[in-house]
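Beneath this line is the structure, given in structure tokens, with notes to follow.
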Amino acid sequence: MTTTRTPRERAAFLTDGCDHVETLSELAQRLETGRPLRVYLGLDPTSADLHIGHAVVLRLLQRFVEDGHDVILLIGDFTARIGDPSGRNALRPPLSTEQIEANMQTYAAQAGKVLDMSRVTLRYNSEWLSKLTFSDIYKLLSQTTVAQMLERNDFKQRYENGTPIALHEFVYPVAVAYDSVAMNVDVELGGSDQLFNLLISRPYQVHAGQLPEICITVPLLEGLDGEKKMSKSLGNHIGLTDPPNDMFGKTMSIPDRLIPRYARLAAWWPAERVAELEAGLAAGRVSPMDEKKRIAEDLVTMYHGRDAARTARDWFERTIQRREIPAEMPELPLGGHSKVADVIVAAKFAESKRAAARLIGEGAVKIDGAVVEDPAARWTATGPAVLQVGSRKFVRVIP
RNA sequence: GGGUCGGUGGUCGAGUGGUUAAUGGCACCGGACUGUAAAUUCGGCUCGCGAAAGCGAUACGCAGGUUCAAAUCCUGCCCGGCCCA
């Protein structure tokens, strides 16, 4: 714990780079008491994989760990079972218990890539939510009005557009608010899209005779498309468990205007360095591609280590930029297939034989560097041969 | 509960009895180009069999029906929006 800084300075340090803090002075006051604060982040186990967008808030949580606070990672197993409002304006189906269990298994491990899990308490909100009686829930619901709910942008838009809003979706923010009450927390973190959900915890805590939590939100990282927020279901994400080459390549694919954003939120460059980068880009002093490579390399280093990052960079430069055939690639036994299209399907480079035949017709398929032209071509190589589909899918086929 | 409109391919959205897997946008895949997996541009985008021309199967909420022929008409059911209660 830092003792040389004033509470105000500590509060500013802890919330550096955050979107919204409700409120900074409360945080400073709370820090002034000298006791470790109880800080939590809620995650819904709705998908099995965390991505680098999640890492932004996990990193903030880690900052609180390092500052000596009681940090809780709350898995929303109960809320996930009920179903919740999703930012995609669609009703998200409730998950089965098995799915949730499976997802939760991988969560802690993946969060551990950013968070020091040995200093984090893992909790599940079924612990208290499943014990509430119907009359408890009635009392909780009476504390919030429909008008307040409709203030939330997502609900407002959906109501105006005539998109259905199920009643249970109104209950979801209340359930999340109750999490804060049940754990009597001092600080709650979330993405900026969660601000509403975080804020309504405060009156609930006051009502329960607690101090209202300080709500801190972090910027949402845009996905690879540069348009929507990063999300696995949109397929525009970089997973924390993605292999090095994928991480590197995906980072290279972001639109140029996202470079500073990724430098800051994905590669965690300090604010000054990002400012410098922005100035350099604007003035045309630095090459966007080189900067992307730096960001990509830093990112891969974070999750796979320096060597893997270097290898990934090398792979990208050879295979993608210079279109060379990579030195290493998976091997696939020919397994009695006689047509090239069948081998493509066996290598999982196409979903069906028709799709494979189309790829050949498009000139996308090469064997040992030579384009295959006939969609019905037979596999004629007698020794190991490199099958390439598109510019980055390779497999060594062993007869 | 009553009225009314609607449920189309990964998604949005045309299409209202007849060469046809179904216009188009987006997404996705591929070619060219490029510092780039960006932008642009061109092409592809249900599955199986066949060397190929082709043949066959499945598809417009679900189940039946009418018809030589239905995503398109009829009946029932399921689901949803809006208005009224």
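Chain labels run A, B, ... following the order of the structure tokens; each chain numbers its residues from 1, and ligands are numbered from 1 in the order shown.
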DSSP strand (DSSP E) residues within range 136-282 of chain A, listed as a list in words: Val187, Glu188, Leu189, Gly190, Gly191, Ile214, Cys215, Ile216, Thr217 and Val218 of chain A
Within 9 Å of Ser180 in chain A using only C-alpha atoms (C1' of nucleotides), minus same-chain residues under 2 positions, as an MDAnalysis selection string: chainID A and resid 40 176:178 182:188 198 201:202 204:205 213
Those same residues - C-alpha atoms - I'd like them written as an mmCIF file, in the first residue's frame.
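Ended up saving to out_3.cif:
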data_model
loop_
_atom_site.group_PDB
_atom_site.id
_atom_site.type_symbol
_atom_site.label_atom_id
_atom_site.label_comp_id
_atom_site.auth_asym_id
_atom_site.auth_seq_id
_atom_site.Cartn_x
_atom_site.Cartn_y
_atom_site.Cartn_z
ATOM 1 C CA TYR A 40 -16.009 -5.754 -6.776
ATOM 2 C CA VAL A 176 -27.450 -6.438 -9.425
ATOM 3 C CA ALA A 177 -28.111 -3.626 -6.967
ATOM 4 C CA TYR A 178 -28.895 -6.204 -4.336
ATOM 5 C CA ALA A 182 -25.518 -8.240 0.137
ATOM 6 C CA MET A 183 -21.771 -7.751 0.030
ATOM 7 C CA ASN A 184 -21.854 -4.230 1.500
ATOM 8 C CA VAL A 185 -19.249 -3.038 -0.973
ATOM 9 C CA ASP A 186 -17.462 0.285 -1.159
ATOM 10 C CA VAL A 187 -16.652 0.295 -4.841
ATOM 11 C CA GLU A 188 -18.141 -1.334 -7.919
ATOM 12 C CA LEU A 198 -24.096 0.417 -11.087
ATOM 13 C CA SER A 201 -27.139 0.244 -6.313
ATOM 14 C CA ARG A 202 -26.492 3.420 -4.364
ATOM 15 C CA TYR A 204 -30.496 0.505 -2.330
ATOM 16 C CA GLN A 205 -27.450 0.581 -0.124
ATOM 17 C CA GLU A 213 -20.815 2.443 -3.320
#
List as a PDB file with all heavy atoms, in the first residue's frame the protein and nucleic acid residues near A32 in chain B, meaning an atom at most 12 Å away when only C-alpha atoms (C1' of nucleotides) are counted, but skip any in the same chain fewer than 5 places from it.
ATOM      1  N   GLU A 362     -12.393 -20.037 -57.063  1.00  0.00           N
ATOM      2  CA  GLU A 362     -12.011 -18.643 -56.842  1.00  0.00           C
ATOM      3  C   GLU A 362     -10.501 -18.455 -56.905  1.00  0.00           C
ATOM      4  O   GLU A 362      -9.999 -17.353 -56.717  1.00  0.00           O
ATOM      5  CB  GLU A 362     -12.531 -18.180 -55.464  1.00  0.00           C
ATOM      6  CG  GLU A 362     -14.025 -17.914 -55.462  1.00  0.00           C
ATOM      7  CD  GLU A 362     -14.621 -17.877 -54.057  1.00  0.00           C
ATOM      8  OE1 GLU A 362     -13.924 -18.215 -53.092  1.00  0.00           O
ATOM      9  OE2 GLU A 362     -15.801 -17.520 -53.959  1.00  0.00           O
ATOM     10  N   GLY A 363      -9.781 -19.545 -57.122  1.00  0.00           N
ATOM     11  CA  GLY A 363      -8.331 -19.435 -57.186  1.00  0.00           C
ATOM     12  C   GLY A 363      -7.688 -19.284 -55.829  1.00  0.00           C
ATOM     13  O   GLY A 363      -6.586 -18.747 -55.718  1.00  0.00           O
TER      14      GLY A 363
ATOM     15  P     U B  40     -14.637   1.099 -49.159  1.00  0.00           P
ATOM     16  OP1   U B  40     -15.837   1.954 -49.244  1.00  0.00           O
ATOM     17  OP2   U B  40     -14.744  -0.285 -48.637  1.00  0.00           O
ATOM     18  O5'   U B  40     -13.941   1.035 -50.586  1.00  0.00           O
ATOM     19  C5'   U B  40     -13.724   2.230 -51.329  1.00  0.00           C
ATOM     20  C4'   U B  40     -12.949   1.911 -52.577  1.00  0.00           C
ATOM     21  O4'   U B  40     -11.657   1.342 -52.220  1.00  0.00           O
ATOM     22  C3'   U B  40     -13.566   0.836 -53.469  1.00  0.00           C
ATOM     23  O3'   U B  40     -14.580   1.389 -54.305  1.00  0.00           O
ATOM     24  C2'   U B  40     -12.362   0.357 -54.262  1.00  0.00           C
ATOM     25  O2'   U B  40     -12.019   1.263 -55.290  1.00  0.00           O
ATOM     26  C1'   U B  40     -11.261   0.389 -53.199  1.00  0.00           C
ATOM     27  N1    U B  40     -11.074  -0.924 -52.549  1.00  0.00           N
ATOM     28  C2    U B  40     -10.321  -1.877 -53.223  1.00  0.00           C
ATOM     29  O2    U B  40      -9.827  -1.682 -54.314  1.00  0.00           O
ATOM     30  N3    U B  40     -10.168  -3.077 -52.566  1.00  0.00           N
ATOM     31  C4    U B  40     -10.682  -3.408 -51.328  1.00  0.00           C
ATOM     32  O4    U B  40     -10.453  -4.528 -50.865  1.00  0.00           O
ATOM     33  C5    U B  40     -11.452  -2.370 -50.702  1.00  0.00           C
ATOM     34  C6    U B  40     -11.623  -1.194 -51.309  1.00  0.00           C
ATOM     35  P     U B  41     -15.858   0.521 -54.664  1.00  0.00           P
ATOM     36  OP1   U B  41     -16.785   1.411 -55.386  1.00  0.00           O
ATOM     37  OP2   U B  41     -16.304  -0.192 -53.445  1.00  0.00           O
ATOM     38  O5'   U B  41     -15.269  -0.550 -55.675  1.00  0.00           O
ATOM     39  C5'   U B  41     -14.716  -0.142 -56.922  1.00  0.00           C
ATOM     40  C4'   U B  41     -14.001  -1.299 -57.564  1.00  0.00           C
ATOM     41  O4'   U B  41     -12.888  -1.706 -56.724  1.00  0.00           O
ATOM     42  C3'   U B  41     -14.837  -2.574 -57.693  1.00  0.00           C
ATOM     43  O3'   U B  41     -15.672  -2.546 -58.831  1.00  0.00           O
ATOM     44  C2'   U B  41     -13.755  -3.638 -57.785  1.00  0.00           C
ATOM     45  O2'   U B  41     -13.186  -3.682 -59.074  1.00  0.00           O
ATOM     46  C1'   U B  41     -12.711  -3.108 -56.802  1.00  0.00           C
ATOM     47  N1    U B  41     -12.872  -3.685 -55.454  1.00  0.00           N
ATOM     48  C2    U B  41     -12.281  -4.908 -55.212  1.00  0.00           C
ATOM     49  O2    U B  41     -11.648  -5.514 -56.051  1.00  0.00           O
ATOM     50  N3    U B  41     -12.460  -5.403 -53.949  1.00  0.00           N
ATOM     51  C4    U B  41     -13.167  -4.810 -52.917  1.00  0.00           C
ATOM     52  O4    U B  41     -13.234  -5.373 -51.825  1.00  0.00           O
ATOM     53  C5    U B  41     -13.757  -3.536 -53.247  1.00  0.00           C
ATOM     54  C6    U B  41     -13.592  -3.035 -54.478  1.00  0.00           C
ATOM     55  P     C B  42     -17.043  -3.308 -58.818  1.00  0.00           P
ATOM     56  OP1   C B  42     -17.847  -2.801 -59.952  1.00  0.00           O
ATOM     57  OP2   C B  42     -17.598  -3.272 -57.445  1.00  0.00           O
ATOM     58  O5'   C B  42     -16.595  -4.797 -59.126  1.00  0.00           O
ATOM     59  C5'   C B  42     -16.029  -5.125 -60.396  1.00  0.00           C
ATOM     60  C4'   C B  42     -15.450  -6.516 -60.343  1.00  0.00           C
ATOM     61  O4'   C B  42     -14.398  -6.561 -59.346  1.00  0.00           O
ATOM     62  C3'   C B  42     -16.403  -7.611 -59.882  1.00  0.00           C
ATOM     63  O3'   C B  42     -17.263  -8.050 -60.913  1.00  0.00           O
ATOM     64  C2'   C B  42     -15.436  -8.698 -59.442  1.00  0.00           C
ATOM     65  O2'   C B  42     -14.874  -9.368 -60.542  1.00  0.00           O
ATOM     66  C1'   C B  42     -14.349  -7.857 -58.763  1.00  0.00           C
ATOM     67  N1    C B  42     -14.568  -7.748 -57.308  1.00  0.00           N
ATOM     68  C2    C B  42     -14.119  -8.803 -56.507  1.00  0.00           C
ATOM     69  O2    C B  42     -13.559  -9.768 -57.047  1.00  0.00           O
ATOM     70  N3    C B  42     -14.318  -8.743 -55.172  1.00  0.00           N
ATOM     71  C4    C B  42     -14.933  -7.691 -54.644  1.00  0.00           C
ATOM     72  N4    C B  42     -15.101  -7.675 -53.318  1.00  0.00           N
ATOM     73  C5    C B  42     -15.406  -6.602 -55.435  1.00  0.00           C
ATOM     74  C6    C B  42     -15.204  -6.675 -56.760  1.00  0.00           C
ATOM     75  P     G B  43     -18.710  -8.608 -60.528  1.00  0.00           P
ATOM     76  OP1   G B  43     -19.393  -8.910 -61.795  1.00  0.00           O
ATOM     77  OP2   G B  43     -19.328  -7.682 -59.538  1.00  0.00           O
ATOM     78  O5'   G B  43     -18.382  -9.968 -59.756  1.00  0.00           O
ATOM     79  C5'   G B  43     -18.054 -11.125 -60.492  1.00  0.00           C
ATOM     80  C4'   G B  43     -17.541 -12.214 -59.592  1.00  0.00           C
ATOM     81  O4'   G B  43     -16.550 -11.687 -58.681  1.00  0.00           O
ATOM     82  C3'   G B  43     -18.539 -12.861 -58.643  1.00  0.00           C
ATOM     83  O3'   G B  43     -19.398 -13.771 -59.290  1.00  0.00           O
ATOM     84  C2'   G B  43     -17.582 -13.574 -57.700  1.00  0.00           C
ATOM     85  O2'   G B  43     -17.020 -14.717 -58.311  1.00  0.00           O
ATOM     86  C1'   G B  43     -16.496 -12.515 -57.531  1.00  0.00           C
ATOM     87  N9    G B  43     -16.734 -11.723 -56.327  1.00  0.00           N
ATOM     88  C8    G B  43     -17.184 -10.429 -56.231  1.00  0.00           C
ATOM     89  N7    G B  43     -17.313 -10.020 -54.986  1.00  0.00           N
ATOM     90  C5    G B  43     -16.943 -11.118 -54.224  1.00  0.00           C
ATOM     91  C6    G B  43     -16.886 -11.295 -52.807  1.00  0.00           C
ATOM     92  O6    G B  43     -17.169 -10.483 -51.926  1.00  0.00           O
ATOM     93  N1    G B  43     -16.454 -12.568 -52.462  1.00  0.00           N
ATOM     94  C2    G B  43     -16.119 -13.555 -53.357  1.00  0.00           C
ATOM     95  N2    G B  43     -15.732 -14.714 -52.828  1.00  0.00           N
ATOM     96  N3    G B  43     -16.169 -13.406 -54.673  1.00  0.00           N
ATOM     97  C4    G B  43     -16.582 -12.177 -55.023  1.00  0.00           C
TER      98        G B  43
END
Go through range 301-394 of chain A and collect every residue that DSSP, computed from the backbone, puts in alpha helix (DSSP H); the answer should be as an mmCIF file with all heavy atoms, in the first residue's frame.
data_model
loop_
_atom_site.group_PDB
_atom_site.id
_atom_site.type_symbol
_atom_site.label_atom_id
_atom_site.label_comp_id
_atom_site.auth_asym_id
_atom_site.auth_seq_id
_atom_site.Cartn_x
_atom_site.Cartn_y
_atom_site.Cartn_z
ATOM 1 N N THR A 301 2.720 -10.184 -26.032
ATOM 2 C CA THR A 301 3.656 -10.365 -24.919
ATOM 3 C C THR A 301 2.915 -10.500 -23.593
ATOM 4 O O THR A 301 3.243 -11.337 -22.755
ATOM 5 C CB THR A 301 4.622 -9.166 -24.834
ATOM 6 O OG1 THR A 301 5.329 -9.070 -26.057
ATOM 7 C CG2 THR A 301 5.607 -9.350 -23.683
ATOM 8 N N MET A 302 1.888 -9.682 -23.448
ATOM 9 C CA MET A 302 1.131 -9.680 -22.200
ATOM 10 C C MET A 302 0.511 -11.045 -21.893
ATOM 11 O O MET A 302 0.450 -11.463 -20.755
ATOM 12 C CB MET A 302 0.009 -8.667 -22.343
ATOM 13 C CG MET A 302 -0.004 -7.619 -21.284
ATOM 14 S SD MET A 302 -1.391 -6.558 -21.628
ATOM 15 C CE MET A 302 -0.746 -5.537 -22.902
ATOM 16 N N TYR A 303 0.038 -11.702 -22.928
ATOM 17 C CA TYR A 303 -0.704 -12.945 -22.692
ATOM 18 C C TYR A 303 0.086 -14.205 -23.028
ATOM 19 O O TYR A 303 -0.262 -15.289 -22.591
ATOM 20 C CB TYR A 303 -2.016 -12.924 -23.477
ATOM 21 C CG TYR A 303 -2.894 -11.774 -23.054
ATOM 22 C CD1 TYR A 303 -3.031 -10.640 -23.851
ATOM 23 C CD2 TYR A 303 -3.545 -11.797 -21.821
ATOM 24 C CE1 TYR A 303 -3.804 -9.561 -23.440
ATOM 25 C CE2 TYR A 303 -4.319 -10.728 -21.399
ATOM 26 C CZ TYR A 303 -4.447 -9.617 -22.214
ATOM 27 O OH TYR A 303 -5.198 -8.556 -21.801
ATOM 28 N N HIS A 304 1.132 -14.066 -23.827
ATOM 29 C CA HIS A 304 1.876 -15.263 -24.221
ATOM 30 C C HIS A 304 3.374 -15.142 -23.999
ATOM 31 O O HIS A 304 4.103 -16.098 -24.256
ATOM 32 C CB HIS A 304 1.628 -15.580 -25.706
ATOM 33 C CG HIS A 304 0.214 -15.975 -26.009
ATOM 34 N ND1 HIS A 304 -0.304 -17.197 -25.675
ATOM 35 C CD2 HIS A 304 -0.786 -15.291 -26.602
ATOM 36 C CE1 HIS A 304 -1.582 -17.257 -26.060
ATOM 37 N NE2 HIS A 304 -1.892 -16.106 -26.619
ATOM 38 N N ARG A 306 7.203 -12.784 -24.295
ATOM 39 C CA ARG A 306 7.987 -12.053 -25.302
ATOM 40 C C ARG A 306 8.367 -12.911 -26.503
ATOM 41 O O ARG A 306 8.287 -12.467 -27.647
ATOM 42 C CB ARG A 306 9.232 -11.473 -24.621
ATOM 43 C CG ARG A 306 10.132 -10.687 -25.521
ATOM 44 C CD ARG A 306 10.722 -9.470 -24.855
ATOM 45 N NE ARG A 306 9.743 -8.448 -24.515
ATOM 46 C CZ ARG A 306 9.142 -7.645 -25.401
ATOM 47 N NH1 ARG A 306 9.383 -7.791 -26.702
ATOM 48 N NH2 ARG A 306 8.288 -6.728 -25.007
ATOM 49 N N ASP A 307 8.762 -14.144 -26.234
ATOM 50 C CA ASP A 307 9.199 -14.998 -27.345
ATOM 51 C C ASP A 307 8.066 -15.271 -28.313
ATOM 52 O O ASP A 307 8.232 -15.187 -29.528
ATOM 53 C CB ASP A 307 9.734 -16.332 -26.805
ATOM 54 C CG ASP A 307 11.059 -16.147 -26.083
ATOM 55 O OD1 ASP A 307 11.650 -15.057 -26.250
ATOM 56 O OD2 ASP A 307 11.472 -17.064 -25.369
ATOM 57 N N ALA A 308 6.921 -15.588 -27.741
ATOM 58 C CA ALA A 308 5.756 -15.881 -28.578
ATOM 59 C C ALA A 308 5.401 -14.651 -29.405
ATOM 60 O O ALA A 308 5.012 -14.762 -30.577
ATOM 61 C CB ALA A 308 4.570 -16.286 -27.713
ATOM 62 N N ALA A 309 5.535 -13.478 -28.820
ATOM 63 C CA ALA A 309 5.200 -12.246 -29.521
ATOM 64 C C ALA A 309 6.138 -12.041 -30.698
ATOM 65 O O ALA A 309 5.712 -11.657 -31.792
ATOM 66 C CB ALA A 309 5.279 -11.062 -28.568
ATOM 67 N N ARG A 310 7.400 -12.319 -30.473
ATOM 68 C CA ARG A 310 8.355 -12.136 -31.558
ATOM 69 C C ARG A 310 8.077 -13.119 -32.684
ATOM 70 O O ARG A 310 8.145 -12.785 -33.864
ATOM 71 C CB ARG A 310 9.782 -12.302 -31.022
ATOM 72 C CG ARG A 310 10.646 -11.117 -31.394
ATOM 73 C CD ARG A 310 12.015 -11.217 -30.780
ATOM 74 N NE ARG A 310 12.135 -10.355 -29.607
ATOM 75 C CZ ARG A 310 12.701 -10.729 -28.469
ATOM 76 N NH1 ARG A 310 13.154 -11.945 -28.302
ATOM 77 N NH2 ARG A 310 12.784 -9.862 -27.480
ATOM 78 N N THR A 311 7.782 -14.345 -32.292
ATOM 79 C CA THR A 311 7.481 -15.359 -33.294
ATOM 80 C C THR A 311 6.235 -14.973 -34.089
ATOM 81 O O THR A 311 6.177 -15.155 -35.299
ATOM 82 C CB THR A 311 7.261 -16.726 -32.608
ATOM 83 O OG1 THR A 311 8.353 -16.967 -31.741
ATOM 84 C CG2 THR A 311 7.150 -17.834 -33.625
ATOM 85 N N ALA A 312 5.248 -14.442 -33.382
ATOM 86 C CA ALA A 312 4.001 -14.057 -34.051
ATOM 87 C C ALA A 312 4.261 -12.927 -35.042
ATOM 88 O O ALA A 312 3.721 -12.911 -36.147
ATOM 89 C CB ALA A 312 2.962 -13.626 -33.026
ATOM 90 N N ARG A 313 5.115 -12.009 -34.647
ATOM 91 C CA ARG A 313 5.438 -10.893 -35.538
ATOM 92 C C ARG A 313 6.146 -11.413 -36.784
ATOM 93 O O ARG A 313 5.839 -11.036 -37.913
ATOM 94 C CB ARG A 313 6.331 -9.893 -34.797
ATOM 95 C CG ARG A 313 6.703 -8.719 -35.663
ATOM 96 C CD ARG A 313 7.676 -7.800 -34.945
ATOM 97 N NE ARG A 313 7.988 -6.674 -35.799
ATOM 98 C CZ ARG A 313 7.882 -5.391 -35.426
ATOM 99 N NH1 ARG A 313 7.483 -5.102 -34.218
ATOM 100 N NH2 ARG A 313 8.175 -4.431 -36.266
ATOM 101 N N ASP A 314 7.065 -12.300 -36.532
ATOM 102 C CA ASP A 314 7.813 -12.889 -37.639
ATOM 103 C C ASP A 314 6.873 -13.634 -38.586
ATOM 104 O O ASP A 314 6.946 -13.497 -39.804
ATOM 105 C CB ASP A 314 8.850 -13.848 -37.061
ATOM 106 C CG ASP A 314 9.795 -14.346 -38.129
ATOM 107 O OD1 ASP A 314 10.429 -13.491 -38.768
ATOM 108 O OD2 ASP A 314 9.870 -15.571 -38.343
ATOM 109 N N TRP A 315 5.966 -14.378 -37.966
ATOM 110 C CA TRP A 315 5.007 -15.138 -38.765
ATOM 111 C C TRP A 315 4.166 -14.191 -39.616
ATOM 112 O O TRP A 315 3.925 -14.430 -40.797
ATOM 113 C CB TRP A 315 4.094 -15.958 -37.833
ATOM 114 C CG TRP A 315 3.094 -16.787 -38.574
ATOM 115 C CD1 TRP A 315 3.275 -18.053 -39.056
ATOM 116 C CD2 TRP A 315 1.770 -16.403 -38.937
ATOM 117 N NE1 TRP A 315 2.142 -18.479 -39.694
ATOM 118 C CE2 TRP A 315 1.200 -17.493 -39.642
ATOM 119 C CE3 TRP A 315 0.991 -15.253 -38.757
ATOM 120 C CZ2 TRP A 315 -0.100 -17.463 -40.159
ATOM 121 C CZ3 TRP A 315 -0.297 -15.226 -39.270
ATOM 122 C CH2 TRP A 315 -0.830 -16.316 -39.961
ATOM 123 N N VAL A 340 -9.188 -33.026 -54.036
ATOM 124 C CA VAL A 340 -8.640 -31.886 -53.314
ATOM 125 C C VAL A 340 -9.718 -31.269 -52.416
ATOM 126 O O VAL A 340 -9.470 -30.923 -51.266
ATOM 127 C CB VAL A 340 -8.084 -30.839 -54.302
ATOM 128 C CG1 VAL A 340 -7.625 -29.600 -53.553
ATOM 129 C CG2 VAL A 340 -6.945 -31.432 -55.117
ATOM 130 N N ALA A 341 -10.927 -31.173 -52.961
ATOM 131 C CA ALA A 341 -12.020 -30.562 -52.197
ATOM 132 C C ALA A 341 -12.256 -31.322 -50.886
ATOM 133 O O ALA A 341 -12.506 -30.714 -49.840
ATOM 134 C CB ALA A 341 -13.293 -30.533 -53.028
ATOM 135 N N ASP A 342 -12.137 -32.637 -50.933
ATOM 136 C CA ASP A 342 -12.338 -33.436 -49.726
ATOM 137 C C ASP A 342 -11.258 -33.145 -48.689
ATOM 138 O O ASP A 342 -11.528 -33.098 -47.488
ATOM 139 C CB ASP A 342 -12.317 -34.937 -50.066
ATOM 140 C CG ASP A 342 -13.541 -35.344 -50.870
ATOM 141 O OD1 ASP A 342 -14.526 -34.580 -50.866
ATOM 142 O OD2 ASP A 342 -13.508 -36.405 -51.503
ATOM 143 N N VAL A 343 -10.044 -32.959 -49.172
ATOM 144 C CA VAL A 343 -8.938 -32.678 -48.255
ATOM 145 C C VAL A 343 -9.171 -31.317 -47.588
ATOM 146 O O VAL A 343 -8.910 -31.143 -46.401
ATOM 147 C CB VAL A 343 -7.590 -32.693 -49.007
ATOM 148 C CG1 VAL A 343 -6.442 -32.450 -48.032
ATOM 149 C CG2 VAL A 343 -7.391 -34.023 -49.718
ATOM 150 N N ILE A 344 -9.675 -30.372 -48.349
ATOM 151 C CA ILE A 344 -9.947 -29.037 -47.793
ATOM 152 C C ILE A 344 -10.971 -29.141 -46.668
ATOM 153 O O ILE A 344 -10.818 -28.523 -45.615
ATOM 154 C CB ILE A 344 -10.445 -28.085 -48.901
ATOM 155 C CG1 ILE A 344 -9.327 -27.813 -49.905
ATOM 156 C CG2 ILE A 344 -10.953 -26.775 -48.298
ATOM 157 C CD1 ILE A 344 -9.769 -27.078 -51.143
ATOM 158 N N VAL A 345 -11.976 -29.961 -46.889
ATOM 159 C CA VAL A 345 -12.993 -30.135 -45.847
ATOM 160 C C VAL A 345 -12.378 -30.842 -44.636
ATOM 161 O O VAL A 345 -12.611 -30.450 -43.488
ATOM 162 C CB VAL A 345 -14.206 -30.936 -46.382
ATOM 163 C CG1 VAL A 345 -15.178 -31.240 -45.254
ATOM 164 C CG2 VAL A 345 -14.904 -30.149 -47.484
ATOM 165 N N ALA A 346 -11.547 -31.857 -44.903
ATOM 166 C CA ALA A 346 -10.913 -32.597 -43.808
ATOM 167 C C ALA A 346 -10.024 -31.672 -42.978
ATOM 168 O O ALA A 346 -9.897 -31.838 -41.768
ATOM 169 C CB ALA A 346 -10.098 -33.766 -44.363
ATOM 170 N N LYS A 353 -18.260 -29.738 -49.057
ATOM 171 C CA LYS A 353 -17.515 -30.000 -50.290
ATOM 172 C C LYS A 353 -17.838 -28.959 -51.353
ATOM 173 O O LYS A 353 -16.988 -28.576 -52.134
ATOM 174 C CB LYS A 353 -17.847 -31.400 -50.796
ATOM 175 C CG LYS A 353 -17.372 -32.464 -49.839
ATOM 176 C CD LYS A 353 -17.841 -33.841 -50.241
ATOM 177 C CE LYS A 353 -17.432 -34.843 -49.162
ATOM 178 N NZ LYS A 353 -17.810 -36.217 -49.524
ATOM 179 N N ARG A 354 -19.076 -28.531 -51.352
ATOM 180 C CA ARG A 354 -19.452 -27.501 -52.323
ATOM 181 C C ARG A 354 -18.698 -26.207 -52.043
ATOM 182 O O ARG A 354 -18.260 -25.526 -52.967
ATOM 183 C CB ARG A 354 -20.960 -27.240 -52.260
ATOM 184 C CG ARG A 354 -21.788 -28.332 -52.902
ATOM 185 C CD ARG A 354 -23.243 -27.886 -53.002
ATOM 186 N NE ARG A 354 -23.588 -27.591 -54.386
ATOM 187 C CZ ARG A 354 -24.107 -28.480 -55.219
ATOM 188 N NH1 ARG A 354 -24.323 -29.720 -54.816
ATOM 189 N NH2 ARG A 354 -24.403 -28.139 -56.443
ATOM 190 N N ALA A 355 -18.591 -25.880 -50.759
ATOM 191 C CA ALA A 355 -17.872 -24.658 -50.396
ATOM 192 C C ALA A 355 -16.402 -24.787 -50.789
ATOM 193 O O ALA A 355 -15.798 -23.827 -51.280
ATOM 194 C CB ALA A 355 -18.006 -24.396 -48.902
ATOM 195 N N ALA A 356 -15.841 -25.995 -50.604
ATOM 196 C CA ALA A 356 -14.442 -26.217 -50.965
ATOM 197 C C ALA A 356 -14.252 -26.060 -52.470
ATOM 198 O O ALA A 356 -13.299 -25.440 -52.937
ATOM 199 C CB ALA A 356 -13.999 -27.602 -50.508
ATOM 200 N N ALA A 357 -15.199 -26.603 -53.224
ATOM 201 C CA ALA A 357 -15.116 -26.509 -54.684
ATOM 202 C C ALA A 357 -15.183 -25.044 -55.122
ATOM 203 O O ALA A 357 -14.488 -24.621 -56.048
ATOM 204 C CB ALA A 357 -16.249 -27.306 -55.319
ATOM 205 N N ARG A 358 -16.018 -24.267 -54.420
ATOM 206 C CA ARG A 358 -16.115 -22.840 -54.736
ATOM 207 C C ARG A 358 -14.780 -22.143 -54.514
ATOM 208 O O ARG A 358 -14.347 -21.331 -55.316
ATOM 209 C CB ARG A 358 -17.165 -22.191 -53.835
ATOM 210 C CG ARG A 358 -18.556 -22.182 -54.415
ATOM 211 C CD ARG A 358 -19.501 -21.490 -53.456
ATOM 212 N NE ARG A 358 -20.579 -22.372 -53.071
ATOM 213 C CZ ARG A 358 -20.940 -22.663 -51.838
ATOM 214 N NH1 ARG A 358 -20.288 -22.135 -50.813
ATOM 215 N NH2 ARG A 358 -21.933 -23.467 -51.602
ATOM 216 N N LEU A 359 -14.151 -22.487 -53.380
ATOM 217 C CA LEU A 359 -12.856 -21.868 -53.078
ATOM 218 C C LEU A 359 -11.853 -22.159 -54.186
ATOM 219 O O LEU A 359 -11.101 -21.281 -54.601
ATOM 220 C CB LEU A 359 -12.326 -22.391 -51.739
ATOM 221 C CG LEU A 359 -12.981 -21.805 -50.490
ATOM 222 C CD1 LEU A 359 -12.577 -22.590 -49.258
ATOM 223 C CD2 LEU A 359 -12.603 -20.342 -50.327
ATOM 224 N N ILE A 360 -11.858 -23.384 -54.672
ATOM 225 C CA ILE A 360 -10.933 -23.730 -55.756
ATOM 226 C C ILE A 360 -11.261 -22.878 -56.981
ATOM 227 O O ILE A 360 -10.382 -22.304 -57.620
ATOM 228 C CB ILE A 360 -11.030 -25.233 -56.096
ATOM 229 C CG1 ILE A 360 -10.578 -26.060 -54.896
ATOM 230 C CG2 ILE A 360 -10.178 -25.550 -57.318
ATOM 231 C CD1 ILE A 360 -10.759 -27.559 -55.057
ATOM 232 N N GLY A 361 -12.548 -22.752 -57.264
ATOM 233 C CA GLY A 361 -12.979 -21.954 -58.409
ATOM 234 C C GLY A 361 -12.549 -20.493 -58.299
ATOM 235 O O GLY A 361 -12.363 -19.804 -59.304
#
Pick from B:A39, B:A69, B:C5, B:A21 nearest to chain A, counting only C-alpha atoms (C1' of nucleotides): B:A39
Within 8 Å of chain B: residues of chain A, using only C-alpha atoms (C1' of nucleotides), as a list in words: Gly162, Thr163, Pro164, Gly249, Lys250, Met252, Ser253, Ile254, Pro255, Asp256, Ser287, Pro288, Met289, Ser352, Arg354, Arg358, Leu359, Glu362, Gly363, Ala364, Ala376 and Gly390 of chain A
